[in-house]
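S.K.: Just so it is clear, I am handing over coords.csv, which has CSV, C-alpha atoms.
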```csv
chain,number,residue,atom,x,y,z
R,5,MET,CA,97.9,-15.2,-47.7
R,6,THR,CA,99.7,-14.7,-44.3
R,7,GLU,CA,98.9,-17.5,-41.9
R,8,LEU,CA,97.7,-16.3,-38.5
R,9,PRO,CA,99.1,-17.9,-35.4
R,10,LEU,CA,96.9,-19.8,-33.0
R,11,ILE,CA,95.9,-17.8,-29.9
R,12,GLY,CA,98.2,-19.7,-27.7
R,13,GLU,CA,101.1,-19.3,-30.1
R,14,ALA,CA,100.5,-15.6,-30.1
R,15,ILE,CA,100.7,-15.4,-26.3
R,16,ALA,CA,104.0,-17.4,-26.3
R,17,VAL,CA,105.5,-15.1,-28.9
R,18,ALA,CA,104.6,-12.1,-26.8
R,19,ALA,CA,106.2,-13.6,-23.7
R,20,GLU,CA,109.5,-12.0,-22.5
R,21,PRO,CA,112.5,-13.8,-24.1
R,22,ARG,CA,114.4,-13.6,-20.9
R,23,LEU,CA,112.0,-16.0,-19.2
R,24,ALA,CA,112.8,-18.8,-21.7
R,25,GLY,CA,116.0,-19.8,-19.8
R,26,ALA,CA,114.0,-20.7,-16.7
R,27,LYS,CA,113.3,-24.5,-16.6
R,28,ILE,CA,110.2,-25.8,-14.9
R,29,GLY,CA,110.0,-29.5,-14.3
R,30,VAL,CA,106.6,-31.1,-14.7
R,31,VAL,CA,106.2,-34.5,-13.0
R,32,THR,CA,104.3,-37.4,-14.4
R,33,PHE,CA,103.1,-40.3,-12.2
R,34,PRO,CA,101.1,-43.3,-13.4
R,35,GLY,CA,97.6,-41.8,-13.5
R,36,THR,CA,98.6,-38.2,-13.9
R,37,LEU,CA,96.2,-36.4,-16.2
R,38,ASP,CA,97.2,-32.7,-16.3
R,39,ASP,CA,100.9,-32.9,-17.0
R,40,ARG,CA,100.6,-31.7,-20.6
R,41,ASP,CA,98.3,-28.9,-19.5
R,42,ALA,CA,100.9,-27.8,-16.9
R,43,ALA,CA,103.7,-27.9,-19.4
R,44,ARG,CA,101.7,-25.9,-21.9
R,45,ALA,CA,101.0,-23.3,-19.2
R,46,VAL,CA,104.7,-23.0,-18.5
R,47,ARG,CA,105.4,-22.5,-22.2
R,48,LEU,CA,102.6,-19.9,-22.6
R,49,ALA,CA,104.1,-18.0,-19.6
R,50,GLY,CA,107.4,-17.9,-21.5
R,51,GLY,CA,109.4,-20.6,-19.7
R,52,THR,CA,110.8,-24.0,-20.7
R,53,ALA,CA,108.9,-27.0,-19.6
R,54,VAL,CA,111.0,-30.1,-18.7
R,55,PRO,CA,109.2,-33.5,-18.4
R,56,LEU,CA,110.1,-35.4,-15.2
R,57,TRP,CA,109.2,-39.1,-14.6
R,58,HIS,CA,108.2,-40.4,-11.2
R,59,ALA,CA,111.0,-43.0,-11.2
R,60,ASP,CA,113.7,-40.5,-12.0
R,61,THR,CA,116.4,-40.2,-9.4
R,62,SER,CA,117.5,-36.7,-10.3
R,63,LEU,CA,115.8,-33.4,-10.9
R,64,GLY,CA,118.5,-32.4,-13.4
R,65,ASP,CA,118.9,-28.6,-13.7
R,66,VAL,CA,115.3,-27.5,-13.3
R,67,ASP,CA,114.6,-24.2,-11.5
R,68,ALA,CA,111.2,-25.2,-10.1
R,69,VAL,CA,108.7,-28.1,-10.2
R,70,VAL,CA,105.0,-28.5,-10.8
R,71,ILE,CA,103.3,-31.6,-9.5
R,72,PRO,CA,100.1,-31.7,-11.6
R,73,GLY,CA,96.6,-33.1,-11.1
R,74,GLY,CA,95.2,-36.5,-11.8
R,75,PHE,CA,94.9,-39.8,-10.0
R,76,SER,CA,98.5,-40.9,-9.2
R,77,TYR,CA,98.6,-44.7,-8.8
R,78,GLY,CA,94.8,-44.7,-9.1
R,79,ASP,CA,94.5,-43.0,-5.7
R,80,TYR,CA,94.8,-46.4,-4.1
R,81,LEU,CA,95.1,-46.4,-0.3
R,82,ARG,CA,94.3,-42.6,-0.5
R,83,ALA,CA,95.1,-39.8,-2.9
R,84,GLY,CA,98.8,-39.2,-3.1
R,85,ALA,CA,99.8,-41.8,-0.5
R,86,ILE,CA,101.8,-44.0,-2.9
R,87,ALA,CA,103.2,-41.2,-5.0
R,88,ARG,CA,104.8,-39.8,-1.9
R,89,PHE,CA,107.2,-42.7,-2.0
R,90,ALA,CA,108.2,-42.3,-5.7
R,91,PRO,CA,112.0,-41.9,-6.1
R,92,LEU,CA,111.7,-38.5,-7.6
R,93,MET,CA,109.7,-37.2,-4.6
R,94,SER,CA,112.7,-37.9,-2.4
R,95,GLU,CA,114.7,-35.5,-4.5
R,96,ILE,CA,111.9,-32.9,-4.6
R,97,ILE,CA,111.6,-33.1,-0.8
R,98,LYS,CA,115.3,-32.5,-0.3
R,99,ALA,CA,115.4,-29.7,-2.8
R,100,ALA,CA,112.2,-28.0,-1.5
R,101,THR,CA,113.3,-28.0,2.1
R,102,GLY,CA,116.7,-26.6,1.4
R,103,ALA,CA,118.5,-29.8,2.5
R,104,ALA,CA,120.4,-29.8,-0.8
R,105,SER,CA,120.7,-26.0,-1.2
R,106,SER,CA,120.5,-22.7,0.5
R,107,ASN,CA,118.0,-21.7,-2.2
R,108,PRO,CA,115.0,-24.0,-1.8
R,109,LEU,CA,113.2,-25.3,-4.9
R,110,PRO,CA,109.9,-23.7,-5.7
R,111,VAL,CA,107.2,-26.4,-5.9
R,112,LEU,CA,103.6,-26.1,-7.0
R,113,GLY,CA,101.2,-28.9,-6.3
R,114,ILE,CA,97.8,-28.7,-8.1
R,115,CYS,CA,94.9,-30.9,-7.0
R,116,ASN,CA,96.4,-34.4,-6.8
R,117,GLY,CA,99.8,-32.6,-6.5
R,118,PHE,CA,98.4,-30.8,-3.4
R,119,GLN,CA,97.4,-34.2,-2.0
R,120,ILE,CA,100.9,-35.5,-2.7
R,121,LEU,CA,102.5,-32.5,-0.9
R,122,THR,CA,100.4,-33.1,2.2
R,123,GLU,CA,101.3,-36.8,2.1
R,124,SER,CA,105.0,-35.9,1.8
R,125,HIS,CA,104.7,-33.5,4.8
R,126,LEU,CA,105.9,-30.6,2.7
R,127,LEU,CA,102.6,-29.0,3.6
R,128,PRO,CA,100.5,-29.6,6.8
R,129,GLY,CA,97.0,-31.1,7.0
R,130,SER,CA,95.3,-33.6,4.8
R,131,MET,CA,92.8,-34.0,2.0
R,132,ILE,CA,89.7,-36.1,2.3
R,133,LYS,CA,86.6,-36.7,0.2
R,134,ASN,CA,84.3,-33.8,-0.5
R,135,ASP,CA,81.8,-33.3,2.2
R,136,HIS,CA,78.9,-34.0,-0.3
R,137,LEU,CA,80.8,-37.2,-1.4
R,138,LYS,CA,80.5,-36.3,-5.1
R,139,PHE,CA,82.9,-35.3,-7.8
R,140,MET,CA,82.8,-31.6,-8.3
R,141,CYS,CA,83.6,-29.7,-11.6
R,142,ARG,CA,83.0,-26.0,-11.8
R,143,ASP,CA,84.6,-22.6,-12.4
R,144,GLN,CA,85.6,-21.4,-9.0
R,145,VAL,CA,86.3,-17.9,-7.6
R,146,LEU,CA,89.4,-17.7,-5.4
R,147,ARG,CA,90.7,-14.8,-3.3
R,148,VAL,CA,94.5,-14.4,-3.2
R,149,GLU,CA,95.3,-14.1,0.5
R,150,ASN,CA,99.1,-14.1,0.1
R,151,SER,CA,100.9,-12.6,-2.8
R,152,ASN,CA,104.4,-13.1,-1.5
R,153,THR,CA,104.9,-16.8,-2.3
R,154,ALA,CA,107.1,-17.9,-5.3
R,155,TRP,CA,103.9,-18.7,-7.2
R,156,THR,CA,101.7,-15.6,-6.4
R,157,LEU,CA,104.1,-12.7,-6.9
R,158,ASP,CA,102.2,-11.4,-9.9
R,159,TYR,CA,98.9,-11.2,-8.1
R,160,GLU,CA,97.8,-8.6,-5.5
R,161,ALA,CA,96.6,-9.6,-2.0
R,162,GLY,CA,92.8,-9.6,-2.0
R,163,GLN,CA,92.6,-10.1,-5.8
R,164,GLU,CA,89.8,-12.4,-6.9
R,165,ILE,CA,90.5,-14.9,-9.8
R,166,THR,CA,88.4,-17.6,-11.4
R,167,VAL,CA,89.9,-20.9,-12.3
R,168,PRO,CA,88.4,-24.4,-12.9
R,169,LEU,CA,88.1,-26.9,-10.1
R,170,LYS,CA,87.6,-30.6,-10.4
R,171,ASN,CA,88.0,-33.1,-7.6
R,172,GLN,CA,86.4,-35.7,-5.4
R,173,ASP,CA,89.0,-35.7,-2.6
R,174,GLY,CA,89.3,-31.9,-2.2
R,175,GLN,CA,88.3,-31.2,1.4
R,176,TYR,CA,91.2,-29.7,3.2
R,177,ILE,CA,91.3,-30.6,6.9
R,178,ALA,CA,93.7,-29.9,9.8
R,179,ASP,CA,93.4,-29.6,13.5
R,180,GLU,CA,92.5,-26.2,15.0
R,181,LYS,CA,96.1,-25.6,16.2
R,182,VAL,CA,97.5,-26.1,12.6
R,183,LEU,CA,94.7,-24.0,11.1
R,184,ASP,CA,95.3,-21.2,13.6
R,185,ALA,CA,99.1,-21.3,12.8
R,186,LEU,CA,98.4,-21.1,9.0
R,187,GLU,CA,96.2,-18.1,9.5
R,188,ALA,CA,98.6,-16.3,11.9
R,189,GLU,CA,101.6,-16.9,9.7
R,190,GLY,CA,99.9,-15.8,6.5
R,191,ARG,CA,100.2,-19.3,4.9
R,192,VAL,CA,96.6,-19.5,3.7
R,193,VAL,CA,97.4,-18.5,0.1
R,194,PHE,CA,93.9,-19.0,-1.5
R,195,ARG,CA,90.4,-19.0,-0.1
R,196,TYR,CA,87.2,-20.0,-1.8
R,197,VAL,CA,84.8,-17.1,-2.4
R,198,GLY,CA,81.1,-17.3,-2.6
R,199,PHE,CA,80.8,-21.1,-2.4
R,200,ASN,CA,82.9,-23.7,-0.6
R,201,PRO,CA,82.8,-26.6,-3.1
R,202,ASN,CA,84.1,-29.4,-0.8
R,203,GLY,CA,83.8,-28.4,2.8
R,204,SER,CA,87.4,-27.4,3.3
R,205,ARG,CA,88.1,-25.9,6.7
R,206,ARG,CA,87.9,-22.1,6.8
R,207,ASP,CA,87.2,-22.1,3.1
R,208,ILE,CA,90.9,-22.8,2.4
R,209,ALA,CA,91.7,-23.5,-1.2
R,210,GLY,CA,95.5,-23.4,-1.0
R,211,ILE,CA,98.4,-23.0,1.4
R,212,SER,CA,102.1,-22.6,1.5
R,213,ASN,CA,105.0,-23.8,3.6
R,214,ALA,CA,106.7,-21.3,6.0
R,215,ALA,CA,109.3,-20.3,3.3
R,216,GLY,CA,106.7,-19.7,0.7
R,217,ASN,CA,108.5,-21.8,-2.0
R,218,VAL,CA,106.0,-24.7,-1.7
R,219,VAL,CA,102.4,-24.0,-2.6
R,220,GLY,CA,99.5,-26.4,-3.0
R,221,LEU,CA,95.9,-25.8,-4.1
R,222,MET,CA,93.0,-27.8,-5.3
R,223,PRO,CA,91.7,-25.7,-8.2
R,224,HIS,CA,93.5,-25.8,-11.6
R,225,PRO,CA,95.3,-22.6,-12.7
R,226,GLU,CA,96.8,-24.5,-15.7
R,227,HIS,CA,93.3,-24.6,-17.2
R,228,ALA,CA,93.0,-20.8,-17.2
R,229,VAL,CA,96.0,-19.6,-19.2
R,230,GLU,CA,94.8,-19.1,-22.7
R,231,ALA,CA,92.4,-16.5,-24.1
R,232,GLY,CA,89.3,-18.1,-25.5
R,233,PHE,CA,89.8,-21.4,-23.7
R,234,GLY,CA,89.4,-20.6,-19.9
R,235,PRO,CA,86.5,-19.9,-17.6
R,236,GLN,CA,84.2,-16.9,-18.1
R,237,SER,CA,83.6,-14.6,-15.1
R,238,LEU,CA,80.7,-15.9,-13.1
R,239,ASP,CA,78.7,-12.6,-13.5
R,240,GLY,CA,78.9,-13.1,-17.3
R,241,LEU,CA,80.4,-9.6,-17.7
R,242,GLY,CA,83.9,-10.5,-18.6
R,243,SER,CA,86.5,-13.1,-19.2
R,244,SER,CA,88.7,-14.9,-16.7
R,245,ASP,CA,90.4,-17.0,-19.4
R,246,THR,CA,94.0,-16.2,-18.2
R,247,ASP,CA,93.5,-15.7,-14.5
R,248,GLY,CA,95.8,-18.8,-13.8
R,249,LEU,CA,98.7,-17.6,-15.9
R,250,GLY,CA,100.0,-15.5,-13.0
R,251,PHE,CA,101.1,-18.7,-11.2
R,252,PHE,CA,103.6,-19.5,-13.9
R,253,THR,CA,104.8,-15.9,-14.7
R,254,SER,CA,105.3,-15.4,-10.9
R,255,VAL,CA,107.8,-18.2,-10.6
R,256,LEU,CA,109.5,-17.4,-13.9
R,257,ASN,CA,110.0,-13.8,-12.8
R,258,LYS,CA,111.3,-14.9,-9.5
R,259,ILE,CA,113.8,-17.3,-11.1
R,260,VAL,CA,115.2,-14.6,-13.4
R,261,GLY,CA,115.0,-11.9,-10.7
R,262,GLY,CA,112.4,-9.7,-12.2
R,263,SER,CA,109.6,-9.8,-9.7
R,264,LYS,CA,108.9,-8.4,-6.2
```
Give the structure from this file in structure tokens form.

M.R.:
Amino acid sequence: MTELPLIGEAIAVAAEPRLAGAKIGVVTFPGTLDDRDAARAVRLAGGTAVPLWHADTSLGDVDAVVIPGGFSYGDYLRAGAIARFAPLMSEIIKAATGAASSNPLPVLGICNGFQILTESHLLPGSMIKNDHLKFMCRDQVLRVENSNTAWTLDYEAGQEITVPLKNQDGQYIADEKVLDALEAEGRVVFRYVGFNPNGSRRDIAGISNAAGNVVGLMPHPEHAVEAGFGPQSLDGLGSSDTDGLGFFTSVLNKIVGGSK
């Protein structure tokens, strides 16, 4: 009898072979929880996931980096504050700001990764505790506000997607001048739709830097990449299982030169 592949294996087989040469580094800090999920998402999208350790002093030859979710260093002091000083973060900051290259490194920070990006000043603003002071876990609808970043090229502006959200320090804050600048420059990449789960200013769920190579968001696209194992649409009429896969195909297509 012919053995059928698992659903995830079938997706990986169907991915474009040309994407396999793109190497996406996935960083692990003490307390990281979602590094394996992020690596799996990269593989399901067709790329090659490369493990990176917080104490590494080189990024090697990776083409992009994902800083995944969790509780780096136990969220002591505040979420992301200690991780910001990890040796590897110095290399990521240099590569992402173009200090080491004219082609800045694409970086995606998810949840704790977003917190680390704000602490590193790769993204403006800060993350504080949810306004209801409780841990929140739910499937969350997001609207794609900017489809021109390295991580959103495979989405359409205005598209709504559903991905899981889980955090307790997920409230994005910044002063009005910064918020106005983010809005005016099109750097609000995702906005919460229907329900603001943490009190984030202006319903902001994710932002980018000016160049669009660095994106941070609180919800978890790496948990919505596999048919049968992701969130269902909130109206119960369809599946949103793979709504998060576009993050990873976007950057892979950008790396190999096959996206807008």

S.K.: Leaving out region 165-182 of chain R and any residue of its chain fewer than 6 positions from it, which residues lie within 6 Å of it when counting only C-alpha atoms, given as a CSV table (one decimal) with C-alpha atoms, in the coordinates of the input?

M.R.:
```
chain,number,residue,atom,x,y,z
R,129,GLY,CA,97.0,-31.1,7.0
R,130,SER,CA,95.3,-33.6,4.8
R,131,MET,CA,92.8,-34.0,2.0
R,132,ILE,CA,89.7,-36.1,2.3
R,133,LYS,CA,86.6,-36.7,0.2
R,134,ASN,CA,84.3,-33.8,-0.5
R,138,LYS,CA,80.5,-36.3,-5.1
R,139,PHE,CA,82.9,-35.3,-7.8
R,140,MET,CA,82.8,-31.6,-8.3
R,141,CYS,CA,83.6,-29.7,-11.6
R,142,ARG,CA,83.0,-26.0,-11.8
R,143,ASP,CA,84.6,-22.6,-12.4
R,144,GLN,CA,85.6,-21.4,-9.0
R,145,VAL,CA,86.3,-17.9,-7.6
R,146,LEU,CA,89.4,-17.7,-5.4
R,202,ASN,CA,84.1,-29.4,-0.8
R,203,GLY,CA,83.8,-28.4,2.8
R,204,SER,CA,87.4,-27.4,3.3
R,205,ARG,CA,88.1,-25.9,6.7
R,223,PRO,CA,91.7,-25.7,-8.2
R,224,HIS,CA,93.5,-25.8,-11.6
R,225,PRO,CA,95.3,-22.6,-12.7
R,228,ALA,CA,93.0,-20.8,-17.2
R,244,SER,CA,88.7,-14.9,-16.7
R,247,ASP,CA,93.5,-15.7,-14.5
```

S.K.: Between R:Gly250, R:Ala53, R:Thr61, R:Ala90, which has the minimum distance to Asp41 (chain R) (counting only C-alpha atoms)?

M.R.: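 With only C-alpha atoms as the atom set, the closest residue is R:Ala53.
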
S.K.: Would you compute the distance between CA of Leu183 (chain R) and CA of Asp207 (chain R)? Give it in Å to one decimal.

M.R.: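 Distance between the two atoms: 11.1 Å.
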
S.K.: Please provide as a JSON list (two decimals) with C-alpha atoms, keeping the file's coordinate frame all residues within 12 Å of Arg44 (chain R), with the sequence filter that same-chain residues fewer than 2 positions apart are discarded (counting all atoms listed in the file).

M.R.:
```
[["chain", "number", "residue", "atom", "x", "y", "z"],
["R", 12, "GLY", "CA", 98.20, -19.70, -27.70],
["R", 13, "GLU", "CA", 101.10, -19.30, -30.10],
["R", 15, "ILE", "CA", 100.70, -15.40, -26.30],
["R", 16, "ALA", "CA", 104.00, -17.40, -26.30],
["R", 28, "ILE", "CA", 110.20, -25.80, -14.90],
["R", 29, "GLY", "CA", 110.00, -29.50, -14.30],
["R", 30, "VAL", "CA", 106.60, -31.10, -14.70],
["R", 38, "ASP", "CA", 97.20, -32.70, -16.30],
["R", 39, "ASP", "CA", 100.90, -32.90, -17.00],
["R", 40, "ARG", "CA", 100.60, -31.70, -20.60],
["R", 41, "ASP", "CA", 98.30, -28.90, -19.50],
["R", 42, "ALA", "CA", 100.90, -27.80, -16.90],
["R", 46, "VAL", "CA", 104.70, -23.00, -18.50],
["R", 47, "ARG", "CA", 105.40, -22.50, -22.20],
["R", 48, "LEU", "CA", 102.60, -19.90, -22.60],
["R", 49, "ALA", "CA", 104.10, -18.00, -19.60],
["R", 50, "GLY", "CA", 107.40, -17.90, -21.50],
["R", 51, "GLY", "CA", 109.40, -20.60, -19.70],
["R", 52, "THR", "CA", 110.80, -24.00, -20.70],
["R", 53, "ALA", "CA", 108.90, -27.00, -19.60],
["R", 54, "VAL", "CA", 111.00, -30.10, -18.70],
["R", 55, "PRO", "CA", 109.20, -33.50, -18.40],
["R", 70, "VAL", "CA", 105.00, -28.50, -10.80],
["R", 72, "PRO", "CA", 100.10, -31.70, -11.60],
["R", 225, "PRO", "CA", 95.30, -22.60, -12.70],
["R", 226, "GLU", "CA", 96.80, -24.50, -15.70],
["R", 227, "HIS", "CA", 93.30, -24.60, -17.20],
["R", 228, "ALA", "CA", 93.00, -20.80, -17.20],
["R", 229, "VAL", "CA", 96.00, -19.60, -19.20],
["R", 230, "GLU", "CA", 94.80, -19.10, -22.70],
["R", 249, "LEU", "CA", 98.70, -17.60, -15.90],
["R", 252, "PHE", "CA", 103.60, -19.50, -13.90]]
```

S.K.: Would you work out the distance separating CA of Lys27 (chain R) from CA of Arg195 (chain R), expressed in Å to one decimal?

M.R.: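 Between CA of Lys27 (chain R) and CA of Arg195 (chain R) the gap works out to 28.8 Å.
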
S.K.: Using Å and a single decimal, report how far CA of Ser124 (chain R) sits from CA of Glu149 (chain R).

M.R.: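 Interatomic distance here is 23.9 Å.
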
S.K.: With distances taken over all atoms listed in the file, which residue among R:Ala26, R:Ala87, R:Ala231, R:Val255 lies nearest Phe75 (chain R)?

M.R.: R:Ala87

S.K.: Which one of R:Leu126, R:Ile120, R:Met222, R:Val69 sits closest to Thr101 (chain R) if you count all atoms listed in the file?

M.R.: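 The shortest atom-to-atom distance to Thr101 (chain R) comes from R:Leu126.
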
S.K.: Go through R:Lys98, R:Asp135, R:Pro108, R:Arg191 and flag the residue nearest Val219 (chain R), using only C-alpha atoms for the distances.

M.R.: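 Distance minimum relative to Val219 (chain R) lands on R:Arg191.
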
S.K.: Here is a test: counting all atoms listed in the file, which residue of R:Val66, R:Leu157, R:Ala214, R:Ile208 is nearest to Ala185 (chain R)?

M.R.: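 Of all the options, R:Ala214 lies closest to Ala185 (chain R).
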
S.K.: Counting all atoms listed in the file, figure out which residue out of R:Gly35, R:Gly210, R:Pro201, R:Gly74 gets nearest to Thr122 (chain R).

M.R.: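 Closest candidate: R:Gly210.
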